[in-house]
file work.txt (compact mmCIF, C-alpha atoms)
# COMPACT_ATOMS: atom_id res chain seq x y z
CA MET A 1 -6.30 38.60 9.17
CA LYS A 2 -9.12 38.23 11.71
CA ALA A 3 -6.79 39.13 14.58
CA GLU A 4 -5.68 42.27 12.78
CA LEU A 5 -9.30 43.21 12.03
CA GLU A 6 -10.14 42.75 15.68
CA ARG A 7 -7.31 45.05 16.64
CA ILE A 8 -8.31 47.69 14.10
CA TYR A 9 -11.92 47.53 15.32
CA SER A 10 -10.99 47.90 18.98
CA GLU A 11 -8.72 50.88 18.22
CA ASN A 12 -11.13 52.62 15.82
CA ARG A 13 -14.51 51.48 17.13
CA GLN A 14 -15.85 55.02 17.65
CA GLY A 15 -14.46 56.33 14.37
CA LEU A 16 -15.91 53.45 12.34
CA TYR A 17 -19.33 53.85 13.93
CA THR A 18 -19.32 57.64 13.52
CA LEU A 19 -18.39 57.30 9.86
CA ALA A 20 -21.25 54.84 9.28
CA LEU A 21 -23.67 57.03 11.23
CA SER A 22 -22.68 60.14 9.28
CA ILE A 23 -23.71 58.32 6.09
CA THR A 24 -26.77 56.32 7.19
CA ARG A 25 -28.07 58.84 9.79
CA GLN A 26 -29.68 55.87 11.57
CA PRO A 27 -27.98 54.19 14.58
CA GLU A 28 -29.23 50.69 13.81
CA GLN A 29 -28.17 50.86 10.18
CA ALA A 30 -24.81 52.30 11.19
CA GLU A 31 -24.19 49.32 13.48
CA ASP A 32 -25.29 46.94 10.75
CA ALA A 33 -22.89 48.61 8.32
CA VAL A 34 -19.94 48.25 10.70
CA HIS A 35 -20.78 44.61 11.39
CA ASP A 36 -21.43 43.71 7.75
CA ALA A 37 -18.20 45.36 6.59
CA LEU A 38 -16.07 43.48 9.07
CA LEU A 39 -17.95 40.27 8.41
CA ARG A 40 -17.12 40.54 4.71
CA LEU A 41 -13.50 41.35 5.50
CA CYS A 42 -13.26 38.35 7.82
CA LYS A 43 -14.40 36.12 4.99
CA THR A 44 -11.85 37.58 2.58
CA THR A 45 -8.93 35.24 2.07
CA SER A 46 -6.54 37.68 0.43
CA LYS A 47 -4.76 40.29 2.52
CA PRO A 48 -5.27 43.82 1.17
CA SER A 49 -2.30 45.84 0.06
CA GLY A 50 -1.68 49.26 1.57
CA ASP A 51 -2.90 50.69 4.82
CA PRO A 52 -5.23 48.19 6.57
CA VAL A 53 -6.92 50.94 8.62
CA ALA A 54 -7.83 52.87 5.47
CA TYR A 55 -9.04 49.60 3.95
CA VAL A 56 -11.38 48.91 6.87
CA PHE A 57 -12.77 52.45 6.81
CA ALA A 58 -13.39 52.11 3.07
CA ALA A 59 -15.26 48.84 3.68
CA VAL A 60 -17.44 50.44 6.36
CA ARG A 61 -18.16 53.37 4.08
CA ASN A 62 -19.28 51.03 1.28
CA ALA A 63 -21.41 49.00 3.68
CA ALA A 64 -23.08 52.19 4.94
CA VAL A 65 -23.90 53.20 1.37
CA ASP A 66 -25.41 49.73 0.83
CA GLN A 67 -27.59 50.26 3.89
CA ILE A 68 -28.95 53.46 2.36
CA ARG A 69 -29.79 51.61 -0.86
CA LYS A 70 -31.77 49.02 1.10
CA ARG A 71 -34.10 51.68 2.44
CA ALA A 72 -37.55 51.69 0.89
CA ARG A 73 -37.55 55.47 0.84
CA ALA A 74 -35.21 58.28 1.66
CA ILE A 75 -35.42 59.85 5.11
CA ASP A 76 -35.69 63.60 5.43
CA SER A 77 -33.51 63.90 8.49
CA GLY A 78 -31.70 61.42 10.67
CA VAL A 79 -29.89 61.45 13.97
CA SER A 80 -26.78 63.49 14.56
CA VAL A 81 -23.33 61.97 14.89
CA PHE A 82 -23.13 63.81 18.21
CA ALA A 83 -24.64 62.59 21.45
CA ASP A 84 -27.51 64.54 22.96
CA PRO A 85 -26.10 67.55 24.77
CA THR A 86 -25.80 67.41 28.56
CA ILE A 87 -25.12 70.16 31.07
CA ASP A 88 -21.66 70.04 32.57
CA SER A 89 -22.04 71.10 36.19
CA ASP A 90 -18.28 71.46 36.80
CA THR A 91 -17.94 74.73 34.84
CA TRP A 92 -19.15 78.27 35.52
CA PRO A 93 -22.81 78.88 34.55
CA ASP A 94 -22.08 81.69 32.06
CA GLN A 95 -19.25 79.68 30.56
CA THR A 96 -21.58 76.71 30.30
CA ALA A 97 -24.23 78.74 28.49
CA ALA A 98 -21.78 80.18 25.97
CA THR A 99 -20.12 76.85 25.39
CA SER A 100 -23.46 75.13 25.02
CA GLU A 101 -24.59 77.66 22.46
CA ARG A 102 -21.33 77.38 20.51
CA ASP A 103 -21.46 73.58 20.62
CA ALA A 104 -25.09 73.55 19.53
CA LEU A 105 -24.20 75.73 16.55
CA LEU A 106 -21.26 73.49 15.72
CA ARG A 107 -23.39 70.33 15.98
CA GLN A 108 -26.00 71.73 13.66
CA ALA A 109 -23.35 73.03 11.27
CA VAL A 110 -21.66 69.62 11.04
CA ASP A 111 -25.01 67.90 10.40
CA ASP A 112 -25.79 70.46 7.69
CA LEU A 113 -22.48 70.00 5.86
CA PRO A 114 -22.49 68.39 2.43
CA ASP A 115 -21.97 64.64 2.71
CA ASP A 116 -18.38 64.59 1.47
CA GLN A 117 -17.32 67.46 3.72
CA ARG A 118 -19.04 65.93 6.75
CA GLU A 119 -17.28 62.65 6.03
CA ALA A 120 -13.94 64.49 5.81
CA ILE A 121 -14.56 66.06 9.24
CA VAL A 122 -15.59 62.71 10.71
CA LEU A 123 -12.60 60.83 9.37
CA LYS A 124 -10.04 63.53 10.16
CA LEU A 125 -11.25 64.91 13.44
CA PHE A 126 -13.25 62.11 15.05
CA ALA A 127 -11.70 58.96 13.59
CA GLY A 128 -8.21 60.44 13.77
CA LEU A 129 -7.09 59.38 10.31
CA THR A 130 -4.35 61.22 8.46
CA PHE A 131 -5.07 62.86 5.13
CA ASP A 132 -3.10 60.10 3.48
CA GLN A 133 -5.30 57.41 5.06
CA ILE A 134 -8.47 59.31 4.14
CA ALA A 135 -7.28 59.66 0.55
CA ARG A 136 -6.54 55.92 0.38
CA SER A 137 -9.91 54.95 1.88
CA ARG A 138 -11.78 57.12 -0.62
CA ASN A 139 -9.42 56.44 -3.50
CA GLU A 140 -8.99 60.17 -4.08
CA PRO A 141 -5.98 62.47 -4.42
CA LEU A 142 -4.53 63.74 -1.18
CA SER A 143 -4.89 67.37 -2.28
CA THR A 144 -8.61 66.85 -2.89
CA VAL A 145 -9.10 65.41 0.58
CA SER A 146 -7.14 68.11 2.34
CA SER A 147 -8.81 70.98 0.53
CA ARG A 148 -12.23 69.44 1.17
CA TYR A 149 -11.43 69.27 4.87
CA ARG A 150 -10.27 72.88 4.87
CA ARG A 151 -13.46 74.05 3.14
CA ALA A 152 -15.51 72.16 5.71
CA LEU A 153 -13.70 73.83 8.58
CA GLU A 154 -14.15 77.25 6.98
CA ARG A 155 -17.89 76.62 6.75
CA LEU A 156 -17.98 75.57 10.37
CA LYS A 157 -15.95 78.62 11.36
CA LYS A 158 -18.60 80.88 9.83
CA SER A 159 -21.28 79.23 11.97
CA ILE A 160 -19.45 80.19 15.18
CA GLU A 161 -17.93 83.50 14.08
CA THR A 162 -19.12 85.28 17.21
CA PHE A 163 -17.29 82.78 19.37
CA VAL A 164 -13.99 82.53 17.42
CA MET B 1 3.61 69.63 17.60
CA ASN B 2 2.65 65.97 17.28
CA GLU B 3 3.62 63.72 14.43
CA ARG B 4 0.12 63.53 12.98
CA LEU B 5 -0.26 67.31 12.83
CA GLU B 6 3.15 67.58 11.18
CA GLN B 7 2.04 65.08 8.53
CA ASP B 8 -1.11 67.07 7.93
CA LEU B 9 0.70 70.35 7.65
CA ALA B 10 3.19 68.77 5.28
CA ALA B 11 0.29 67.60 3.13
CA MET B 12 -1.26 71.06 3.15
CA ARG B 13 2.07 72.68 2.22
CA LEU B 14 2.01 70.68 -1.00
CA THR B 15 -0.96 72.72 -2.20
CA GLU B 16 -0.82 75.92 -0.19
CA PRO B 17 1.58 78.92 -0.38
CA SER B 18 3.47 78.97 2.92
CA ALA B 19 2.80 82.69 3.51
CA GLU B 20 -0.90 82.02 4.18
CA LEU B 21 -0.44 78.72 5.89
CA ASP B 22 0.20 79.74 9.49
CA GLY B 23 -2.76 82.12 9.64
CA ARG B 24 -5.16 79.67 8.13
CA VAL B 25 -3.97 76.84 10.30
CA ALA B 26 -4.39 78.97 13.40
CA THR B 27 -7.94 79.85 12.37
CA LEU B 28 -8.79 76.28 11.64
CA LEU B 29 -7.38 75.12 14.92
CA LYS B 30 -9.84 77.44 16.66
CA VAL B 31 -12.63 75.40 15.09
CA GLU B 32 -11.04 72.01 15.50
CA GLN B 33 -10.46 72.38 19.20
CA PRO B 34 -14.10 72.94 20.25
CA LEU B 35 -15.31 70.34 17.76
CA SER B 36 -13.07 67.70 19.24
CA THR B 37 -14.60 68.29 22.69
CA ILE B 38 -18.20 67.62 21.63
CA LYS B 39 -19.28 64.17 22.69
CA LEU B 40 -20.03 61.75 19.90
CA ARG B 41 -22.94 59.34 19.76
CA GLU B 42 -21.59 55.96 20.77
CA PRO B 43 -22.51 52.56 19.41
CA SER B 44 -24.66 50.34 21.60
CA ALA B 45 -23.39 47.38 23.58
CA ALA B 46 -25.19 45.15 21.09
CA LEU B 47 -22.65 46.06 18.40
CA ASP B 48 -19.77 45.06 20.65
CA GLU B 49 -21.51 41.75 21.35
CA ARG B 50 -22.01 41.13 17.65
CA MET B 51 -18.39 41.95 16.93
CA ALA B 52 -17.19 39.71 19.77
CA ARG B 53 -19.20 36.83 18.32
CA LEU B 54 -17.85 37.62 14.87
CA PHE B 55 -14.22 37.56 15.95
CA ALA B 56 -14.90 34.42 18.02
CA GLY B 57 -15.96 32.65 14.87
CA GLU B 58 -19.74 32.74 15.36
CA THR B 59 -20.52 34.52 12.12
CA GLU B 60 -23.87 35.65 10.88
CA ASP B 61 -24.77 35.30 7.23
CA ALA B 62 -23.26 38.04 5.14
CA PRO B 63 -25.82 40.30 3.54
CA ALA B 64 -26.56 39.57 -0.04
CA PRO B 65 -25.43 42.04 -2.63
CA TYR B 66 -27.93 44.65 -3.70
CA ALA B 67 -28.84 42.76 -6.86
CA PHE B 68 -29.68 39.60 -4.95
CA ALA B 69 -31.70 41.60 -2.46
CA LEU B 70 -33.68 43.04 -5.38
CA LEU B 71 -34.22 39.57 -6.79
CA ARG B 72 -35.46 38.34 -3.42
CA ARG B 73 -38.00 41.16 -3.30
CA ALA B 74 -39.20 40.37 -6.81
CA ALA B 75 -39.47 36.61 -6.22
CA LEU B 76 -42.95 36.67 -4.70
CA PRO B 77 -44.54 38.89 -7.37
CA LEU B 78 -42.86 36.84 -10.09
CA ALA B 79 -44.15 33.61 -8.57
CA ALA B 80 -47.66 35.08 -8.37
CA CYS B 81 -47.55 36.13 -12.02
CA LEU B 82 -46.30 32.68 -13.04
CA ALA B 83 -49.08 30.98 -11.07
CA ILE B 84 -51.74 33.19 -12.66
CA GLY B 85 -50.32 32.61 -16.13
CA LEU B 86 -50.24 28.84 -15.71
CA THR B 87 -53.78 28.81 -14.35
CA VAL B 88 -55.12 30.78 -17.30
CA PHE B 89 -53.20 28.58 -19.72
CA PHE B 90 -54.54 25.33 -18.34
CA MET B 91 -58.07 26.64 -17.97
CA THR B 92 -58.32 27.78 -21.59
CA ARG B 93 -56.67 24.71 -23.05
CA PRO B 94 -59.19 22.23 -24.61
CA ASP B 95 -59.59 19.04 -22.61
CA THR B 96 -58.31 16.14 -24.71
CA THR B 97 -57.79 13.65 -21.95
CA PRO B 98 -59.47 10.28 -22.64
CA THR B 99 -61.84 8.88 -20.07
CA VAL B 100 -60.86 5.63 -18.52
CA GLU B 101 -63.24 3.39 -16.60
CA GLY B 102 -62.02 1.68 -13.50
CA PRO B 103 -62.70 1.16 -9.87
CA GLY B 104 -62.56 4.32 -7.88
CA ILE B 105 -62.19 6.53 -10.91
CA ALA B 106 -64.96 8.95 -11.79
CA THR B 107 -66.02 8.27 -15.41
CA VAL B 108 -68.48 9.75 -17.82
CA THR B 109 -70.63 6.92 -19.31
CA PRO B 110 -71.73 7.27 -22.90
CA PRO B 111 -75.42 8.04 -23.22
CA VAL B 112 -77.74 5.01 -23.44
CA GLU B 113 -79.60 4.74 -26.73
CA ILE B 114 -83.03 6.10 -26.10
CA GLU B 115 -86.01 4.68 -27.92
CA PRO B 116 -88.21 7.29 -29.49
CA VAL B 117 -91.44 7.86 -27.63
CA ARG B 118 -93.30 9.06 -30.69
CA PHE B 119 -93.02 8.49 -34.30
CA ASP B 120 -95.43 10.15 -36.69
CA GLU B 121 -95.62 10.26 -40.40
CA THR B 122 -98.01 12.59 -42.00
CA VAL B 123 -98.68 12.00 -45.69
CA ILE B 124 -98.83 15.11 -47.64
CA SER B 125 -99.61 13.76 -51.08
CA ASP B 126 -99.80 10.57 -53.11
CA GLU B 127 -99.36 10.86 -56.85
CA ALA B 128 -100.15 7.78 -58.91
CA GLY B 129 -98.27 7.30 -62.14
CA ASP B 130 -99.03 5.31 -65.28
CA VAL B 131 -99.36 1.51 -65.12
CA ILE B 132 -96.21 -0.23 -66.08
CA ILE B 133 -95.57 -3.92 -66.81
CA LEU B 134 -92.68 -5.48 -65.06
CA ASP B 135 -90.46 -8.22 -66.62
CA ASP B 136 -92.57 -10.99 -65.15
CA GLN B 137 -95.63 -9.48 -66.78
CA LEU B 138 -96.92 -8.05 -63.49
CA PRO B 139 -98.75 -4.76 -63.96
CA VAL B 140 -97.88 -2.15 -61.29
CA VAL B 141 -98.59 1.47 -60.61
CA PRO B 142 -95.87 3.69 -59.17
CA ILE B 143 -97.16 5.99 -56.46
CA ARG B 144 -95.04 9.01 -55.48
CA ARG B 145 -95.71 9.68 -51.76
CA GLN B 146 -94.60 12.87 -49.98
CA ALA B 147 -94.80 12.83 -46.17
CA ILE B 148 -93.53 14.53 -43.04
CA GLN B 149 -91.85 12.22 -40.58
CA THR B 150 -91.71 13.37 -36.98
CA THR B 151 -89.66 11.58 -34.38
CA ARG B 152 -89.52 12.49 -30.69
CA TRP B 153 -87.09 11.28 -28.09
CA VAL B 154 -87.30 11.93 -24.35
CA ASP B 155 -84.43 11.42 -21.87
CA GLU B 156 -86.08 11.75 -18.51
CA ALA B 157 -82.85 11.21 -16.62
CA ASN B 158 -81.25 14.27 -18.10
CA ASN B 159 -84.55 16.09 -18.77
CA VAL B 160 -83.85 16.33 -22.46
CA GLU B 161 -86.49 16.23 -25.23
CA ILE B 162 -85.60 16.17 -28.89
CA GLU B 163 -88.04 16.34 -31.78
CA MET B 164 -86.94 15.94 -35.32
CA THR B 165 -89.06 16.67 -38.34
CA VAL B 166 -87.86 15.31 -41.65
CA PRO B 167 -89.61 15.58 -45.04
CA ARG B 168 -89.62 12.27 -46.86
CA GLU B 169 -90.39 11.31 -50.40
CA GLN B 170 -90.70 7.76 -51.57
CA THR B 171 -92.03 5.86 -54.54
CA LEU B 172 -94.24 2.96 -53.80
CA ILE B 173 -94.83 0.23 -56.41
CA VAL B 174 -98.34 -1.03 -56.04
CA PRO B 175 -99.54 -3.98 -58.13
CA VAL B 176 -102.62 -3.34 -60.17
CA GLN B 177 -105.44 -5.74 -59.53
CA VAL B 178 -106.72 -7.14 -62.76
CA ASP B 179 -110.07 -8.76 -62.79

call {"tool": "encode", "arguments": {"input": "work.txt", "output": "structure tokens"}}
result
Amino acid sequence: MKAELERIYSENRQGLYTLALSITRQPEQAEDAVHDALLRLCKTTSKPSGDPVAYVFAAVRNAAVDQIRKRARAIDSGVSVFADPTIDSDTWPDQTAATSERDALLRQAVDDLPDDQREAIVLKLFAGLTFDQIARSRNEPLSTVSSRYRRALERLKKSIETFV
Amino acid sequence: MNERLEQDLAAMRLTEPSAELDGRVATLLKVEQPLSTIKLREPSAALDERMARLFAGETEDAPAPYAFALLRRAALPLAACLAIGLTVFFMTRPDTTPTVEGPGIATVTPPVEIEPVRFDETVISDEAGDVIILDDQLPVVPIRRQAIQTTRWVDEANNVEIEMTVPREQTLIVPVQVD
């Protein structure tokens, strides 16, 4: 079980952290959530049924929610799931400016999404899970997950309508 | 088209009419593509170190469930309340412990009987009654005496002074002198 968890972590390290960060909005708490989730899973003697990747993502999600509960007070705004933007010097200047503006709008739009839609974007686009895995990790119907993801993308599309 | 995208489209076809599907997918792909190029915030090297230790068997203590965490936070205030309650209880309880004398034990000695420093009796009145003859033929006169008896004690060690005034009445039998 521990060997399989290690493999799942190494293959999904970024996705697990991004999921935790999208919930906690704090880098330290996101790392704690990932560690605590895998620690609990390592101590579990019974092997879970179903998709182990979805199971690990579900555990990280629950641990991230626990981190929020430990906070003394709610935070108004946290850090983004995206890294701070940097200028790419290999592209044309005008292309860089347009791309930067589009990416800035997208970053802000993702951070402003409702929690469940942002989580759908994170799991589908950044963690690379299938809709079936996302549905299993959240214990929701597949149609609910897929339509939530589509609504999130439509919201994001409106934020960059001038660029699409 | 890769396998994952095919799975996703198959899932969407379960809920979507196929006539709209291609257009919507194309639109969504225009959003997905730029999103996927934005760099994500990465975890620190410390997380990888923690995970390496975890998988190597050097585990940290698992965090307590939320309820236990709440109990831990409440432990100190609860202990303070308990300490205050016990203190008040023991301070207001009457002291019934007996005193025991012994070496090295602080004892309270009972007060030494103090002799009165003053004793006064002031006669208020003497009323003589009729002469009566006793059985042995002795003539006597009963005298009814009323007096005020004042007693004063002084305890210099404890700086205490007590004065007691008691009215007394007594009948004195005085033999009558017969010439």

call {"tool": "residues_near_point", "arguments": {"input": "work.txt", "point": "(-97.1, 1.0, -58.1)", "cutoff": "7 Å", "atoms": "all atoms listed in the file", "output": "JSON, numbers by chain"}}
result
{"B": [140, 141, 142, 143, 172, 173, 174, 175]}

call {"tool": "residues_around", "arguments": {"input": "work.txt", "residues": "stretch 147-161 of chain A", "least_positions_apart": "4", "cutoff": "9 Å", "atoms": "all atoms listed in the file", "output": "JSON, numbers by chain"}}
result
{"A": [102, 103, 105, 106, 109, 110, 113, 114, 116, 117, 118, 119, 120, 121, 124, 142, 143], "B": [12, 15, 27, 28, 30, 31, 32]}

call {"tool": "atom_distance", "arguments": {"input": "work.txt", "atom1": "atom CA of A:Ala33", "atom2": "atom CA of A:Ala59"}}
result
8.9 Å

call {"tool": "interface_residues", "arguments": {"input": "work.txt", "of": "chain A", "to": "chain B", "cutoff": "6 Å", "atoms": "only C-alpha atoms", "output": "JSON list (two decimals) with C-alpha atoms, in the frame of the given file"}}
result
[["chain", "number", "residue", "atom", "x", "y", "z"],
["A", 81, "VAL", "CA", -23.33, 61.97, 14.89],
["A", 82, "PHE", "CA", -23.13, 63.81, 18.21],
["A", 83, "ALA", "CA", -24.64, 62.59, 21.45],
["A", 157, "LYS", "CA", -15.95, 78.62, 11.36]]

call {"tool": "residues_around", "arguments": {"input": "work.txt", "residues": "A:Leu41", "least_positions_apart": "3", "cutoff": "10 Å", "atoms": "all atoms listed in the file", "output": "ChimeraX atom specification"}}
result
/A:1-2,5,35-38,44-48,55-56,59-60

call {"tool": "atom_distance", "arguments": {"input": "work.txt", "atom1": "atom CA of A:Arg13", "atom2": "atom CA of A:Val34"}}
result
9.0 Å

call {"tool": "atom_distance", "arguments": {"input": "work.txt", "atom1": "atom CA of B:Ile132", "atom2": "atom CA of B:Glu169"}}
result
20.3 Å

call {"tool": "closest_residue", "arguments": {"input": "work.txt", "among": "A:Ala97, A:Leu123, A:Ile8, A:Val65", "to": "A:Val53", "atoms": "only C-alpha atoms"}}
result
A:Ile8

call {"tool": "axis_aligned_box", "arguments": {"input": "work.txt", "around": "stretch 115-127 of chain B", "padding_each_side": "4 Å", "output": "AutoDock Vina command-line options"}}
result
--center_x -92.9 --center_y 9.9 --center_z -42.2 --size_x 21.8 --size_y 18.4 --size_z 37.2
